[in-house]
Amino acid sequence: MNLTEAKRVYIVDYLESKGHKPVKLYPGAAWFISPFREETEPSFKVHLKKNVWFDFGAGEGGNLIDLMKKLEGCSAKEACKKLPQYSFSFDPNRYKHVGEPGKLKIKEIRPLKSDALIQYIDSRSISLQFATKYLKECTYSIYGRQFFALAFRNDKGGYELRSKFFKGSNSPKYITSFKGKGDVINIFEGFFDFLSCCTYYNQVPANNSIILNSLSFLPKFLSSLKDRTVHLFLDNDPAGRNAVKTISAFSNQVTDYAKIIYPDHKDFNEFLINSNSINSPKS
């Protein structure tokens, strides 16, 4: 099998052959628990029509060969030799029904009032006081079907969207920053980590805060961290640990709060949820 033929193999089929089933399916996209780490929420997306993948937890993606090289530790040539052992479909119309992905349109942004979304926030152990300060609720549509979700605004006017059943964003995707006092910078991986911090300390951080919304944005402002005091609240996974190493190369004043506050949990929010569960009165 040559490289061109190999790229025609569907990534979903390959992942299923390795024992990875899609957790969520949306028009144009299949979401998986990342094959590279343990996690409770799927962060690995396959664009069905383009047949490419993106790992939001690591901030990287590519085609099937890129995935095989990373997952199986092989070269492109070796990947092409491995593929014929699998039985794959080459039907060009296989995913025709999913249409073009990415056509998410936000219809309305409004104050947070939905009972279902408030219950979802409560399930994540986030204080409603801070949720209503930083989150809105939105109505969005995909191919004529209408849904609603939490909406967290970024610095370019785009939104991170979350609900019990959906994780996504609209364009433009970017970081969210909040100016605080002094020269210290707090860096969070996602907005639930930021809200977990607010809930845990029962106050909004006094320092400057940056919510990455994706680790892929980290390189854009690394140089601005030089010789700054940096407080990190990233995930306890390979991508998060690599980010800590990268940031530490630019500043020698880095404190990794993942090791201090939630060393035995995937992220700040998982720690908060488990802590509340332990401390809740038993009926």
# chains A, B, ... in the order shown; residues from 1 in each chain; ligands from 1
call {"tool": "closest_atom_pairs", "arguments": {"of": "region 163-199 of chain A", "to": "region 205-209 of chain A", "cutoff": "7 Å", "atoms": "only C-alpha atoms", "output": "JSON lines"}}
result
{"residue": "A:Ser177", "atom": "CA", "partner": "A:Ser209", "partner_atom": "CA", "distance": 5.6}
{"residue": "A:Phe178", "atom": "CA", "partner": "A:Ser209", "partner_atom": "CA", "distance": 5.1}
{"residue": "A:Lys179", "atom": "CA", "partner": "A:Asn208", "partner_atom": "CA", "distance": 4.7}
{"residue": "A:Gly180", "atom": "CA", "partner": "A:Asn208", "partner_atom": "CA", "distance": 4.1}
{"residue": "A:Lys181", "atom": "CA", "partner": "A:Asn207", "partner_atom": "CA", "distance": 5.3}
{"residue": "A:Gly182", "atom": "CA", "partner": "A:Asn207", "partner_atom": "CA", "distance": 6.5}
{"residue": "A:Val184", "atom": "CA", "partner": "A:Asn207", "partner_atom": "CA", "distance": 5.6}
{"residue": "A:Ile185", "atom": "CA", "partner": "A:Asn208", "partner_atom": "CA", "distance": 4.8}
{"residue": "A:Asn186", "atom": "CA", "partner": "A:Ser209", "partner_atom": "CA", "distance": 4.5}
{"residue": "A:Ile187", "atom": "CA", "partner": "A:Ser209", "partner_atom": "CA", "distance": 5.9}
{"residue": "A:Cys198", "atom": "CA", "partner": "A:Pro205", "partner_atom": "CA", "distance": 6.7}
call {"tool": "residues_around", "arguments": {"residues": "region 133-135 of chain A", "least_positions_apart": "6", "cutoff": "7 Å", "atoms": "only C-alpha atoms", "output": "VMD selection string"}}
result
chain A and resid 112 150 to 152
call {"tool": "residues_around", "arguments": {"residues": "Ala243 (chain A)", "least_positions_apart": "5", "cutoff": "9 Å", "atoms": "only C-alpha atoms", "output": "tab-separated table (two decimals) with C-alpha atoms, in the first residue's frame"}}
result
chain	number	residue	atom	x	y	z
A	215	LEU	CA	-2.73	24.02	24.58
A	218	LEU	CA	0.69	28.29	24.36
A	234	LEU	CA	-2.73	22.50	33.90
A	238	PRO	CA	1.62	14.05	29.28
A	248	SER	CA	9.73	26.51	32.86
call {"tool": "closest_residue", "arguments": {"among": "A:Tyr26, A:Tyr174, A:Tyr200, A:Phe148", "to": "Glu160 (chain A)", "atoms": "only C-alpha atoms"}}
result
A:Tyr174
call {"tool": "closest_residue", "arguments": {"among": "A:Asp122, A:Glu72, A:Asp155, A:Asp55", "to": "Ser34 (chain A)", "atoms": "only C-alpha atoms"}}
result
A:Asp55
call {"tool": "residues_around", "arguments": {"residues": "region 11-20 of chain A", "least_positions_apart": "4", "cutoff": "10 Å", "atoms": "only C-alpha atoms", "output": "PyMOL selection string"}}
result
chain A and resi 7+30-35+45-48+51-53+63-65+67-68+83+86-89
call {"tool": "write_last_selection", "arguments": {"atoms": "N, CA and C atoms", "output": "PDB file, in the first residue's frame"}}
result
ATOM      1  N   LYS A   7      -3.755   6.984   3.026  1.00  0.00           N
ATOM      2  CA  LYS A   7      -4.495   8.146   3.532  1.00  0.00           C
ATOM      3  C   LYS A   7      -5.989   8.046   3.241  1.00  0.00           C
ATOM      4  N   ALA A  30     -16.574  12.694  14.903  1.00  0.00           N
ATOM      5  CA  ALA A  30     -16.640  11.622  15.893  1.00  0.00           C
ATOM      6  C   ALA A  30     -15.633  11.951  16.997  1.00  0.00           C
ATOM      7  N   TRP A  31     -16.075  11.853  18.241  1.00  0.00           N
ATOM      8  CA  TRP A  31     -15.220  12.167  19.384  1.00  0.00           C
ATOM      9  C   TRP A  31     -14.855  10.878  20.112  1.00  0.00           C
ATOM     10  N   PHE A  32     -13.581  10.764  20.451  1.00  0.00           N
ATOM     11  CA  PHE A  32     -13.054   9.586  21.138  1.00  0.00           C
ATOM     12  C   PHE A  32     -12.378   9.991  22.453  1.00  0.00           C
ATOM     13  N   ILE A  33     -12.357   9.053  23.396  1.00  0.00           N
ATOM     14  CA  ILE A  33     -11.419   9.174  24.510  1.00  0.00           C
ATOM     15  C   ILE A  33     -10.040   9.068  23.879  1.00  0.00           C
ATOM     16  N   SER A  34      -9.150   9.977  24.202  1.00  0.00           N
ATOM     17  CA  SER A  34      -7.846   9.991  23.547  1.00  0.00           C
ATOM     18  C   SER A  34      -7.124   8.651  23.696  1.00  0.00           C
ATOM     19  N   PRO A  35      -6.591   8.117  22.607  1.00  0.00           N
ATOM     20  CA  PRO A  35      -5.839   6.853  22.694  1.00  0.00           C
ATOM     21  C   PRO A  35      -4.468   7.031  23.347  1.00  0.00           C
ATOM     22  N   LYS A  45     -10.830  14.361  18.428  1.00  0.00           N
ATOM     23  CA  LYS A  45     -11.868  14.556  17.409  1.00  0.00           C
ATOM     24  C   LYS A  45     -11.392  14.089  16.041  1.00  0.00           C
ATOM     25  N   VAL A  46     -12.267  13.375  15.338  1.00  0.00           N
ATOM     26  CA  VAL A  46     -12.001  12.973  13.959  1.00  0.00           C
ATOM     27  C   VAL A  46     -12.983  13.710  13.045  1.00  0.00           C
ATOM     28  N   HIS A  47     -12.443  14.487  12.124  1.00  0.00           N
ATOM     29  CA  HIS A  47     -13.227  15.195  11.106  1.00  0.00           C
ATOM     30  C   HIS A  47     -13.535  14.163  10.029  1.00  0.00           C
ATOM     31  N   LEU A  48     -14.802  13.747   9.926  1.00  0.00           N
ATOM     32  CA  LEU A  48     -15.144  12.583   9.115  1.00  0.00           C
ATOM     33  C   LEU A  48     -14.942  12.787   7.622  1.00  0.00           C
ATOM     34  N   ASN A  51     -11.225  13.388   6.945  1.00  0.00           N
ATOM     35  CA  ASN A  51     -10.460  12.237   7.425  1.00  0.00           C
ATOM     36  C   ASN A  51      -9.135  12.661   8.069  1.00  0.00           C
ATOM     37  N   VAL A  52      -9.247  13.598   9.011  1.00  0.00           N
ATOM     38  CA  VAL A  52      -8.112  14.044   9.805  1.00  0.00           C
ATOM     39  C   VAL A  52      -8.522  14.038  11.270  1.00  0.00           C
ATOM     40  N   TRP A  53      -7.552  14.068  12.143  1.00  0.00           N
ATOM     41  CA  TRP A  53      -7.809  14.032  13.579  1.00  0.00           C
ATOM     42  C   TRP A  53      -7.160  15.218  14.272  1.00  0.00           C
ATOM     43  N   ASN A  63      -3.104  13.435   9.665  1.00  0.00           N
ATOM     44  CA  ASN A  63      -3.812  12.400   8.914  1.00  0.00           C
ATOM     45  C   ASN A  63      -3.585  11.029   9.559  1.00  0.00           C
ATOM     46  N   LEU A  64      -4.040   9.981   8.892  1.00  0.00           N
ATOM     47  CA  LEU A  64      -3.922   8.633   9.449  1.00  0.00           C
ATOM     48  C   LEU A  64      -2.471   8.228   9.671  1.00  0.00           C
ATOM     49  N   ILE A  65      -1.600   8.548   8.731  1.00  0.00           N
ATOM     50  CA  ILE A  65      -0.192   8.169   8.873  1.00  0.00           C
ATOM     51  C   ILE A  65       0.435   8.860  10.081  1.00  0.00           C
ATOM     52  N   LEU A  67      -1.133   9.710  12.738  1.00  0.00           N
ATOM     53  CA  LEU A  67      -1.676   9.025  13.910  1.00  0.00           C
ATOM     54  C   LEU A  67      -0.955   7.707  14.168  1.00  0.00           C
ATOM     55  N   MET A  68      -0.729   6.934  13.102  1.00  0.00           N
ATOM     56  CA  MET A  68      -0.043   5.652  13.261  1.00  0.00           C
ATOM     57  C   MET A  68       1.391   5.832  13.741  1.00  0.00           C
ATOM     58  N   LEU A  83      -0.850  -1.410   7.231  1.00  0.00           N
ATOM     59  CA  LEU A  83      -2.272  -1.240   6.950  1.00  0.00           C
ATOM     60  C   LEU A  83      -2.938  -2.409   6.229  1.00  0.00           C
ATOM     61  N   TYR A  86      -5.178  -4.999   8.018  1.00  0.00           N
ATOM     62  CA  TYR A  86      -6.507  -4.672   8.500  1.00  0.00           C
ATOM     63  C   TYR A  86      -7.512  -4.763   7.350  1.00  0.00           C
ATOM     64  N   SER A  87      -8.779  -4.924   7.691  1.00  0.00           N
ATOM     65  CA  SER A  87      -9.843  -4.939   6.678  1.00  0.00           C
ATOM     66  C   SER A  87     -10.606  -3.627   6.772  1.00  0.00           C
ATOM     67  N   PHE A  88     -10.368  -2.735   5.802  1.00  0.00           N
ATOM     68  CA  PHE A  88     -10.961  -1.407   5.837  1.00  0.00           C
ATOM     69  C   PHE A  88     -11.854  -1.168   4.638  1.00  0.00           C
ATOM     70  N   SER A  89     -12.784  -0.240   4.827  1.00  0.00           N
ATOM     71  CA  SER A  89     -13.657   0.164   3.724  1.00  0.00           C
ATOM     72  C   SER A  89     -13.027   1.331   2.976  1.00  0.00           C
TER      73      SER A  89
END
call {"tool": "atom_distance", "arguments": {"atom1": "CA of Ala239 (chain A)", "atom2": "CA of Leu117 (chain A)"}}
result
29.0 Å
call {"tool": "closest_residue", "arguments": {"among": "A:Lys50, A:Lys156, A:Ile260, A:Lys167", "to": "Leu25 (chain A)", "atoms": "only C-alpha atoms"}}
result
A:Lys167
call {"tool": "select_by_dssp", "arguments": {"residues": "region 9-161 of chain A", "states": "helix (DSSP H, G or I)", "output": "count of residues only"}}
result
45
call {"tool": "residues_around", "arguments": {"residues": "Leu195 (chain A)", "least_positions_apart": "5", "cutoff": "8 Å", "atoms": "only C-alpha atoms", "output": "list in words"}}
result
Ile126, Ser127, Phe130 and Ala131 of chain A
call {"tool": "select_by_dssp", "arguments": {"residues": "region 42-278 of chain A", "states": "strand (DSSP E)", "output": "MDAnalysis selection string"}}
result
chainID A and resid 44:47 52:55 60:62 104:111 136:142 145:153 159:162 167:169 176:178 185:188 208:211 229:233 253:256
call {"tool": "write_last_selection", "arguments": {"atoms": "C-alpha atoms", "output": "PDB file, in the first residue's frame"}}
result
ATOM      1  CA  PHE A  44      -9.890  13.445  20.467  1.00  0.00           C
ATOM      2  CA  LYS A  45     -11.868  14.556  17.409  1.00  0.00           C
ATOM      3  CA  VAL A  46     -12.001  12.973  13.959  1.00  0.00           C
ATOM      4  CA  HIS A  47     -13.227  15.195  11.106  1.00  0.00           C
ATOM      5  CA  VAL A  52      -8.112  14.044   9.805  1.00  0.00           C
ATOM      6  CA  TRP A  53      -7.809  14.032  13.579  1.00  0.00           C
ATOM      7  CA  PHE A  54      -7.071  16.578  16.290  1.00  0.00           C
ATOM      8  CA  ASP A  55      -6.156  15.871  19.895  1.00  0.00           C
ATOM      9  CA  GLU A  60      -1.788  18.365  17.749  1.00  0.00           C
ATOM     10  CA  GLY A  61      -3.328  16.454  14.868  1.00  0.00           C
ATOM     11  CA  GLY A  62      -2.879  15.190  11.325  1.00  0.00           C
ATOM     12  CA  LEU A 104     -21.993  25.613  13.942  1.00  0.00           C
ATOM     13  CA  LYS A 105     -23.920  28.851  14.169  1.00  0.00           C
ATOM     14  CA  ILE A 106     -24.628  30.689  17.403  1.00  0.00           C
ATOM     15  CA  LYS A 107     -28.167  32.034  17.343  1.00  0.00           C
ATOM     16  CA  GLU A 108     -28.363  33.816  20.679  1.00  0.00           C
ATOM     17  CA  ILE A 109     -26.221  34.616  23.714  1.00  0.00           C
ATOM     18  CA  ARG A 110     -28.112  35.371  26.914  1.00  0.00           C
ATOM     19  CA  PRO A 111     -27.673  35.328  30.721  1.00  0.00           C
ATOM     20  CA  LYS A 136     -23.547  32.776  29.419  1.00  0.00           C
ATOM     21  CA  GLU A 137     -25.927  30.326  27.845  1.00  0.00           C
ATOM     22  CA  CYS A 138     -26.330  30.171  24.109  1.00  0.00           C
ATOM     23  CA  THR A 139     -28.550  28.672  21.484  1.00  0.00           C
ATOM     24  CA  TYR A 140     -26.652  27.251  18.518  1.00  0.00           C
ATOM     25  CA  SER A 141     -27.579  25.242  15.457  1.00  0.00           C
ATOM     26  CA  ILE A 142     -25.946  22.538  13.349  1.00  0.00           C
ATOM     27  CA  ARG A 145     -31.051  21.299  14.510  1.00  0.00           C
ATOM     28  CA  GLN A 146     -31.036  23.625  17.504  1.00  0.00           C
ATOM     29  CA  PHE A 147     -29.224  23.039  20.809  1.00  0.00           C
ATOM     30  CA  PHE A 148     -28.144  25.032  23.856  1.00  0.00           C
ATOM     31  CA  ALA A 149     -24.941  25.098  25.882  1.00  0.00           C
ATOM     32  CA  LEU A 150     -22.778  27.083  28.264  1.00  0.00           C
ATOM     33  CA  ALA A 151     -20.775  29.776  26.481  1.00  0.00           C
ATOM     34  CA  PHE A 152     -17.388  31.110  27.611  1.00  0.00           C
ATOM     35  CA  ARG A 153     -16.112  34.074  25.594  1.00  0.00           C
ATOM     36  CA  TYR A 159     -17.006  31.037  22.432  1.00  0.00           C
ATOM     37  CA  GLU A 160     -16.122  27.742  24.059  1.00  0.00           C
ATOM     38  CA  LEU A 161     -19.354  25.729  24.257  1.00  0.00           C
ATOM     39  CA  ARG A 162     -20.073  23.029  26.814  1.00  0.00           C
ATOM     40  CA  LYS A 167     -17.876  19.974  23.796  1.00  0.00           C
ATOM     41  CA  GLY A 168     -16.928  22.400  21.047  1.00  0.00           C
ATOM     42  CA  SER A 169     -16.378  25.994  20.014  1.00  0.00           C
ATOM     43  CA  THR A 176      -9.349  34.193  27.288  1.00  0.00           C
ATOM     44  CA  SER A 177      -7.473  36.605  29.543  1.00  0.00           C
ATOM     45  CA  PHE A 178      -8.415  38.557  32.662  1.00  0.00           C
ATOM     46  CA  ILE A 185       0.282  35.225  35.701  1.00  0.00           C
ATOM     47  CA  ASN A 186      -2.060  32.302  36.359  1.00  0.00           C
ATOM     48  CA  ILE A 187      -2.388  29.889  33.426  1.00  0.00           C
ATOM     49  CA  PHE A 188      -5.346  27.511  33.170  1.00  0.00           C
ATOM     50  CA  ASN A 208      -3.555  38.122  35.863  1.00  0.00           C
ATOM     51  CA  SER A 209      -5.164  34.987  34.414  1.00  0.00           C
ATOM     52  CA  ILE A 210      -4.971  33.290  31.035  1.00  0.00           C
ATOM     53  CA  ILE A 211      -7.310  30.458  30.048  1.00  0.00           C
ATOM     54  CA  THR A 229       6.207  34.678  38.064  1.00  0.00           C
ATOM     55  CA  VAL A 230       3.897  32.006  36.645  1.00  0.00           C
ATOM     56  CA  HIS A 231       1.317  29.887  38.469  1.00  0.00           C
ATOM     57  CA  LEU A 232       0.224  26.840  36.468  1.00  0.00           C
ATOM     58  CA  PHE A 233      -3.089  24.979  36.759  1.00  0.00           C
ATOM     59  CA  GLN A 253       9.689  31.381  38.780  1.00  0.00           C
ATOM     60  CA  VAL A 254       7.118  28.709  37.928  1.00  0.00           C
ATOM     61  CA  THR A 255       4.851  27.038  40.469  1.00  0.00           C
ATOM     62  CA  ASP A 256       3.011  23.935  39.287  1.00  0.00           C
TER      63      ASP A 256
END
